[in-house]
Amino acid sequence: MKVVPVVSGGLDSVTMLYLLHEQDYGIEHIVSFNYGQRHKKELDFAKYHADSLGAEHIIIDLYRTSLTHILAQSGSSLVDDTVDVPEGHYAEENMKATVVPNRNMMMLAIAGSVAVATGAEYIATAVHSGDHAIYPDCRPEFVDLLERALWSGNEGFGSLAPNPIKTPFLYRTKADIAEMAMQLHVPIDKTWSCYVGGAKHCGRCGTCVERLEAIDGARSRFAPQHRIIDETEYEDTTYWREALKKELA
Ligand SMILES: [Zn+2]
């Protein structure tokens with residue numbers, strides 16, 4: 001069985017890639033997107049992991065089209081340099097500034113094309129339960145409808161399975177994913193989450209806070225006895241705890 005994973009180069013999608021590899025799926029193509037995000041380092045990490053699996057890394061470069069300028073009109077901080085990347089915990093209302101319009105539909109539609117063209121049965125996305133509140137295109141209802149659309153729109157062509165979207169983390173938390181990363185020996189420092197786009201992870205933006213919280217939670221569950229595991233460098237290593245306290249207050 002072959003799968004075409006969408007891999008951003010972040011912790012979730014890289015862990016998914018390791019999981020699919022562990023589960024013996026054939027992975028010949030990995031799809032990433034440049035939609036004008038500030039944090040292009042993650043694309044380098046996606047390529048690193050594609051190379052290490054011997055898969056072809058396909059970067060869909062939306063940035064070179066005029067689409068990015070249009071997407072910036074949404075007020076998404078990910079594609080518009082003039083909008084500040086919000087700090088703090090992901091659940092906060094201001095994280096809506098990180099929504100890129102219709103992002104998952106675009107990504108999964110293109111991965112679906114690659115799958116049909118190359119005889120793969122599946123595509124895969126690392127959406128997880130923590131994404132559901134803010135991002136409607138990460139919710140189970142959306143995945144379900146898109147599966148049916150992909151199947152229906154390609155009937156008789158290629159080899160797509162009737163349920164062609166693998167979502168191994170759809171009902172998992174970010175901490176579950178971090179724990180799996182540890183179990184699968186994913187080099188966590190070779191994943192990129194920060195939305196700000198500096199030389200190191202900032203430690204303060206929504207994804208950094210979420211990442212640090214998840215890794216901390218997974219570390220205590222997975223291997224409290226081991227000195228591990230995340231060798232990522234962060235500008236600020238303590239802010240995330242404050243942000244969580246504020247969220248709970
Ligand atoms: Zn950050």
# chains A, B, ... in the order shown; residues from 1 in each chain; ligands from 1

$ residues_around --residues "segment 178-189 of chain A" --least-positions-apart "6" --cutoff "9 Å" --atoms "only C-alpha atoms" --output "PyMOL selection string"
chain A and resi 11-12+14-16+18-19+22+211+214-219+221-223+229-233

$ write_last_selection --atoms "N, CA, C and O atoms" --output "PDB file, in the first residue's frame"
ATOM      1  N   LEU A  11       6.525  19.010  13.907  1.00  0.00           N
ATOM      2  CA  LEU A  11       6.597  17.812  14.753  1.00  0.00           C
ATOM      3  C   LEU A  11       5.517  16.787  14.379  1.00  0.00           C
ATOM      4  O   LEU A  11       5.787  15.587  14.287  1.00  0.00           O
ATOM      5  N   ASP A  12       4.295  17.269  14.152  1.00  0.00           N
ATOM      6  CA  ASP A  12       3.177  16.340  13.912  1.00  0.00           C
ATOM      7  C   ASP A  12       3.365  15.567  12.613  1.00  0.00           C
ATOM      8  O   ASP A  12       3.266  14.344  12.578  1.00  0.00           O
ATOM      9  N   VAL A  14       6.038  15.181  10.716  1.00  0.00           N
ATOM     10  CA  VAL A  14       7.250  14.351  10.645  1.00  0.00           C
ATOM     11  C   VAL A  14       7.045  13.066  11.457  1.00  0.00           C
ATOM     12  O   VAL A  14       7.429  11.977  11.020  1.00  0.00           O
ATOM     13  N   THR A  15       6.393  13.190  12.598  1.00  0.00           N
ATOM     14  CA  THR A  15       6.099  11.982  13.394  1.00  0.00           C
ATOM     15  C   THR A  15       5.176  11.051  12.614  1.00  0.00           C
ATOM     16  O   THR A  15       5.371   9.829  12.596  1.00  0.00           O
ATOM     17  N   MET A  16       4.189  11.638  11.939  1.00  0.00           N
ATOM     18  CA  MET A  16       3.305  10.813  11.108  1.00  0.00           C
ATOM     19  C   MET A  16       4.101  10.074  10.029  1.00  0.00           C
ATOM     20  O   MET A  16       3.849   8.896   9.752  1.00  0.00           O
ATOM     21  N   TYR A  18       7.208   9.092  10.127  1.00  0.00           N
ATOM     22  CA  TYR A  18       7.905   7.965  10.773  1.00  0.00           C
ATOM     23  C   TYR A  18       6.943   6.830  11.082  1.00  0.00           C
ATOM     24  O   TYR A  18       7.273   5.652  10.946  1.00  0.00           O
ATOM     25  N   LEU A  19       5.736   7.197  11.501  1.00  0.00           N
ATOM     26  CA  LEU A  19       4.737   6.178  11.834  1.00  0.00           C
ATOM     27  C   LEU A  19       4.341   5.390  10.580  1.00  0.00           C
ATOM     28  O   LEU A  19       4.286   4.159  10.593  1.00  0.00           O
ATOM     29  N   GLU A  22       7.067   3.126   9.641  1.00  0.00           N
ATOM     30  CA  GLU A  22       7.088   2.004  10.591  1.00  0.00           C
ATOM     31  C   GLU A  22       5.992   0.984  10.245  1.00  0.00           C
ATOM     32  O   GLU A  22       6.162  -0.215  10.429  1.00  0.00           O
ATOM     33  N   ARG A 211       3.999  23.181  21.418  1.00  0.00           N
ATOM     34  CA  ARG A 211       5.067  22.182  21.257  1.00  0.00           C
ATOM     35  C   ARG A 211       5.756  21.877  22.593  1.00  0.00           C
ATOM     36  O   ARG A 211       5.935  20.723  22.968  1.00  0.00           O
ATOM     37  N   ALA A 214       3.480  20.001  24.930  1.00  0.00           N
ATOM     38  CA  ALA A 214       3.304  18.600  24.515  1.00  0.00           C
ATOM     39  C   ALA A 214       4.546  17.771  24.819  1.00  0.00           C
ATOM     40  O   ALA A 214       4.451  16.644  25.324  1.00  0.00           O
ATOM     41  N   ILE A 215       5.702  18.327  24.533  1.00  0.00           N
ATOM     42  CA  ILE A 215       6.941  17.574  24.755  1.00  0.00           C
ATOM     43  C   ILE A 215       7.151  17.344  26.248  1.00  0.00           C
ATOM     44  O   ILE A 215       7.536  16.254  26.677  1.00  0.00           O
ATOM     45  N   ASP A 216       6.822  18.364  27.034  1.00  0.00           N
ATOM     46  CA  ASP A 216       6.958  18.217  28.479  1.00  0.00           C
ATOM     47  C   ASP A 216       6.010  17.139  29.006  1.00  0.00           C
ATOM     48  O   ASP A 216       6.402  16.270  29.798  1.00  0.00           O
ATOM     49  N   GLY A 217       4.765  17.179  28.537  1.00  0.00           N
ATOM     50  CA  GLY A 217       3.793  16.177  28.979  1.00  0.00           C
ATOM     51  C   GLY A 217       4.191  14.775  28.544  1.00  0.00           C
ATOM     52  O   GLY A 217       4.089  13.808  29.311  1.00  0.00           O
ATOM     53  N   ALA A 218       4.677  14.661  27.321  1.00  0.00           N
ATOM     54  CA  ALA A 218       5.052  13.344  26.802  1.00  0.00           C
ATOM     55  C   ALA A 218       6.295  12.823  27.509  1.00  0.00           C
ATOM     56  O   ALA A 218       6.398  11.628  27.800  1.00  0.00           O
ATOM     57  N   ARG A 219       7.203  13.714  27.807  1.00  0.00           N
ATOM     58  CA  ARG A 219       8.433  13.298  28.477  1.00  0.00           C
ATOM     59  C   ARG A 219       8.115  12.663  29.828  1.00  0.00           C
ATOM     60  O   ARG A 219       8.655  11.619  30.177  1.00  0.00           O
ATOM     61  N   ARG A 221       5.382  11.240  30.675  1.00  0.00           N
ATOM     62  CA  ARG A 221       4.678   9.966  30.499  1.00  0.00           C
ATOM     63  C   ARG A 221       5.599   8.883  29.951  1.00  0.00           C
ATOM     64  O   ARG A 221       5.525   7.730  30.319  1.00  0.00           O
ATOM     65  N   PHE A 222       6.444   9.310  29.009  1.00  0.00           N
ATOM     66  CA  PHE A 222       7.195   8.312  28.231  1.00  0.00           C
ATOM     67  C   PHE A 222       8.435   7.815  28.947  1.00  0.00           C
ATOM     68  O   PHE A 222       8.665   6.613  29.046  1.00  0.00           O
ATOM     69  N   ALA A 223       9.238   8.731  29.425  1.00  0.00           N
ATOM     70  CA  ALA A 223      10.543   8.293  29.904  1.00  0.00           C
ATOM     71  C   ALA A 223      11.087   9.239  30.957  1.00  0.00           C
ATOM     72  O   ALA A 223      12.117   9.865  30.764  1.00  0.00           O
ATOM     73  N   ILE A 229      15.251  14.829  25.365  1.00  0.00           N
ATOM     74  CA  ILE A 229      14.917  14.078  24.148  1.00  0.00           C
ATOM     75  C   ILE A 229      14.835  15.112  23.075  1.00  0.00           C
ATOM     76  O   ILE A 229      15.138  14.843  21.956  1.00  0.00           O
ATOM     77  N   ASP A 230      14.468  16.293  23.519  1.00  0.00           N
ATOM     78  CA  ASP A 230      14.293  17.370  22.547  1.00  0.00           C
ATOM     79  C   ASP A 230      15.522  18.272  22.592  1.00  0.00           C
ATOM     80  O   ASP A 230      15.744  18.986  23.561  1.00  0.00           O
ATOM     81  N   GLU A 231      16.301  18.225  21.534  1.00  0.00           N
ATOM     82  CA  GLU A 231      17.510  19.055  21.500  1.00  0.00           C
ATOM     83  C   GLU A 231      17.302  20.369  20.740  1.00  0.00           C
ATOM     84  O   GLU A 231      18.251  21.064  20.399  1.00  0.00           O
ATOM     85  N   THR A 232      16.046  20.687  20.501  1.00  0.00           N
ATOM     86  CA  THR A 232      15.719  21.950  19.840  1.00  0.00           C
ATOM     87  C   THR A 232      16.183  23.128  20.695  1.00  0.00           C
ATOM     88  O   THR A 232      16.067  23.087  21.914  1.00  0.00           O
ATOM     89  N   GLU A 233      16.687  24.177  20.049  1.00  0.00           N
ATOM     90  CA  GLU A 233      17.036  25.399  20.788  1.00  0.00           C
ATOM     91  C   GLU A 233      15.861  26.369  20.750  1.00  0.00           C
ATOM     92  O   GLU A 233      15.282  26.610  19.685  1.00  0.00           O
TER      93      GLU A 233
END

$ residues_near_ligand --ligand "ligand 1" --cutoff "7 Å" --atoms "only C-alpha atoms and all ligand atoms" --output "number ranges by chain"
A: 193-196, 201-208

$ closest_residue --among "A:His21, A:Met106, A:Thr68, A:Val116" --to "Glu155 of chain A" --atoms "only C-alpha atoms"
A:Val116

$ residues_around --residues "segment 35-49 of chain A" --least-positions-apart "5" --cutoff "7 Å" --atoms "only C-alpha atoms" --output "list in words"
Val7, Ser8, Gly9, Gly10, His57, Asp61, Leu62, Tyr63, Thr68, Leu78, Val79, Lys190, Thr191, Trp192, Cys194, Tyr195, Val196 and Gly197 of chain A

$ select_by_dssp --residues "segment 55-219 of chain A" --states "strand (DSSP E)" --output "PyMOL selection string"
chain A and resi 56-61+122-124+165-166

$ select_by_dssp --residues "segment 3-166 of chain A" --states "alpha helix (DSSP H)" --output "MDAnalysis selection string"
chainID A and resid 11:22 41:53 67:72 103:118 140:153

$ closest_residue --among "A:Leu53, A:Val100, A:Ala149, A:Ile58" --to "Ala72 of chain A" --atoms "only C-alpha atoms"
A:Val100

$ closest_atom_pairs --of "segment 113-187 of chain A" --to "segment 24-34 of chain A" --cutoff "10 Å" --atoms "only C-alpha atoms" --output "Markdown table"
| residue | atom | partner | partner_atom | distance |
| --- | --- | --- | --- | --- |
| A:Val114 | CA | A:His29 | CA | 8.0 |
| A:Ala115 | CA | A:His29 | CA | 8.6 |
| A:Thr118 | CA | A:His29 | CA | 8.8 |
| A:Ala120 | CA | A:Gly26 | CA | 8.5 |
| A:Glu121 | CA | A:Gly26 | CA | 10.0 |
| A:Tyr122 | CA | A:Tyr25 | CA | 9.5 |
| A:Ile123 | CA | A:Ile30 | CA | 9.6 |
| A:Ala124 | CA | A:Ile30 | CA | 9.7 |

$ write_last_selection --atoms "all heavy atoms" --output "mmCIF file, in the first residue's frame"
data_model
loop_
_atom_site.group_PDB
_atom_site.id
_atom_site.type_symbol
_atom_site.label_atom_id
_atom_site.label_comp_id
_atom_site.auth_asym_id
_atom_site.auth_seq_id
_atom_site.Cartn_x
_atom_site.Cartn_y
_atom_site.Cartn_z
ATOM 1 N N VAL A 114 -1.559 13.751 -6.620
ATOM 2 C CA VAL A 114 -0.298 12.996 -6.671
ATOM 3 C C VAL A 114 -0.586 11.510 -6.456
ATOM 4 O O VAL A 114 -0.043 10.645 -7.162
ATOM 5 C CB VAL A 114 0.704 13.518 -5.605
ATOM 6 C CG1 VAL A 114 1.949 12.637 -5.550
ATOM 7 C CG2 VAL A 114 1.089 14.964 -5.897
ATOM 8 N N ALA A 115 -1.473 11.215 -5.499
ATOM 9 C CA ALA A 115 -1.787 9.812 -5.214
ATOM 10 C C ALA A 115 -2.426 9.127 -6.430
ATOM 11 O O ALA A 115 -2.041 8.020 -6.804
ATOM 12 C CB ALA A 115 -2.709 9.726 -3.989
ATOM 13 N N THR A 118 0.130 8.572 -9.226
ATOM 14 C CA THR A 118 1.252 7.653 -8.972
ATOM 15 C C THR A 118 0.805 6.293 -8.442
ATOM 16 O O THR A 118 1.628 5.489 -8.030
ATOM 17 C CB THR A 118 2.248 8.280 -7.957
ATOM 18 O OG1 THR A 118 1.571 8.513 -6.709
ATOM 19 C CG2 THR A 118 2.815 9.581 -8.478
ATOM 20 N N ALA A 120 -1.027 5.550 -5.767
ATOM 21 C CA ALA A 120 -1.072 5.362 -4.311
ATOM 22 C C ALA A 120 -2.525 5.185 -3.863
ATOM 23 O O ALA A 120 -3.438 5.740 -4.468
ATOM 24 C CB ALA A 120 -0.442 6.558 -3.596
ATOM 25 N N GLU A 121 -2.704 4.417 -2.802
ATOM 26 C CA GLU A 121 -4.055 4.181 -2.277
ATOM 27 C C GLU A 121 -4.500 5.284 -1.335
ATOM 28 O O GLU A 121 -5.695 5.527 -1.158
ATOM 29 C CB GLU A 121 -4.111 2.852 -1.511
ATOM 30 C CG GLU A 121 -4.066 1.616 -2.383
ATOM 31 C CD GLU A 121 -2.650 1.212 -2.793
ATOM 32 O OE1 GLU A 121 -1.691 1.911 -2.417
ATOM 33 O OE2 GLU A 121 -2.514 0.206 -3.503
ATOM 34 N N TYR A 122 -3.508 5.930 -0.686
ATOM 35 C CA TYR A 122 -3.850 6.849 0.399
ATOM 36 C C TYR A 122 -3.071 8.154 0.306
ATOM 37 O O TYR A 122 -1.982 8.217 -0.268
ATOM 38 C CB TYR A 122 -3.521 6.207 1.761
ATOM 39 C CG TYR A 122 -4.310 4.974 2.056
ATOM 40 C CD1 TYR A 122 -3.728 3.705 1.887
ATOM 41 C CD2 TYR A 122 -5.626 5.054 2.487
ATOM 42 C CE1 TYR A 122 -4.451 2.548 2.153
ATOM 43 C CE2 TYR A 122 -6.358 3.901 2.754
ATOM 44 C CZ TYR A 122 -5.769 2.660 2.580
ATOM 45 O OH TYR A 122 -6.492 1.525 2.841
ATOM 46 N N ILE A 123 -3.652 9.167 0.931
ATOM 47 C CA ILE A 123 -2.905 10.364 1.289
ATOM 48 C C ILE A 123 -2.958 10.434 2.817
ATOM 49 O O ILE A 123 -3.729 9.701 3.443
ATOM 50 C CB ILE A 123 -3.480 11.645 0.640
ATOM 51 C CG1 ILE A 123 -4.911 11.907 1.143
ATOM 52 C CG2 ILE A 123 -3.468 11.523 -0.871
ATOM 53 C CD1 ILE A 123 -5.497 13.220 0.631
ATOM 54 N N ALA A 124 -2.134 11.272 3.404
ATOM 55 C CA ALA A 124 -2.126 11.312 4.872
ATOM 56 C C ALA A 124 -1.890 12.730 5.363
ATOM 57 O O ALA A 124 -1.115 13.493 4.770
ATOM 58 C CB ALA A 124 -1.040 10.389 5.422
#

$ atom_distance --atom1 "atom CA of Leu20 of chain A" --atom2 "atom CA of Lys166 of chain A"
9.4 Å

$ closest_residue --among "A:Gly130, A:Tyr135, A:Asn154, A:Leu248" --to "Glu210 of chain A" --atoms "only C-alpha atoms"
A:Gly130

$ atom_distance --atom1 "atom CA of Lys200 of chain A" --atom2 "atom CA of Glu235 of chain A"
6.3 Å
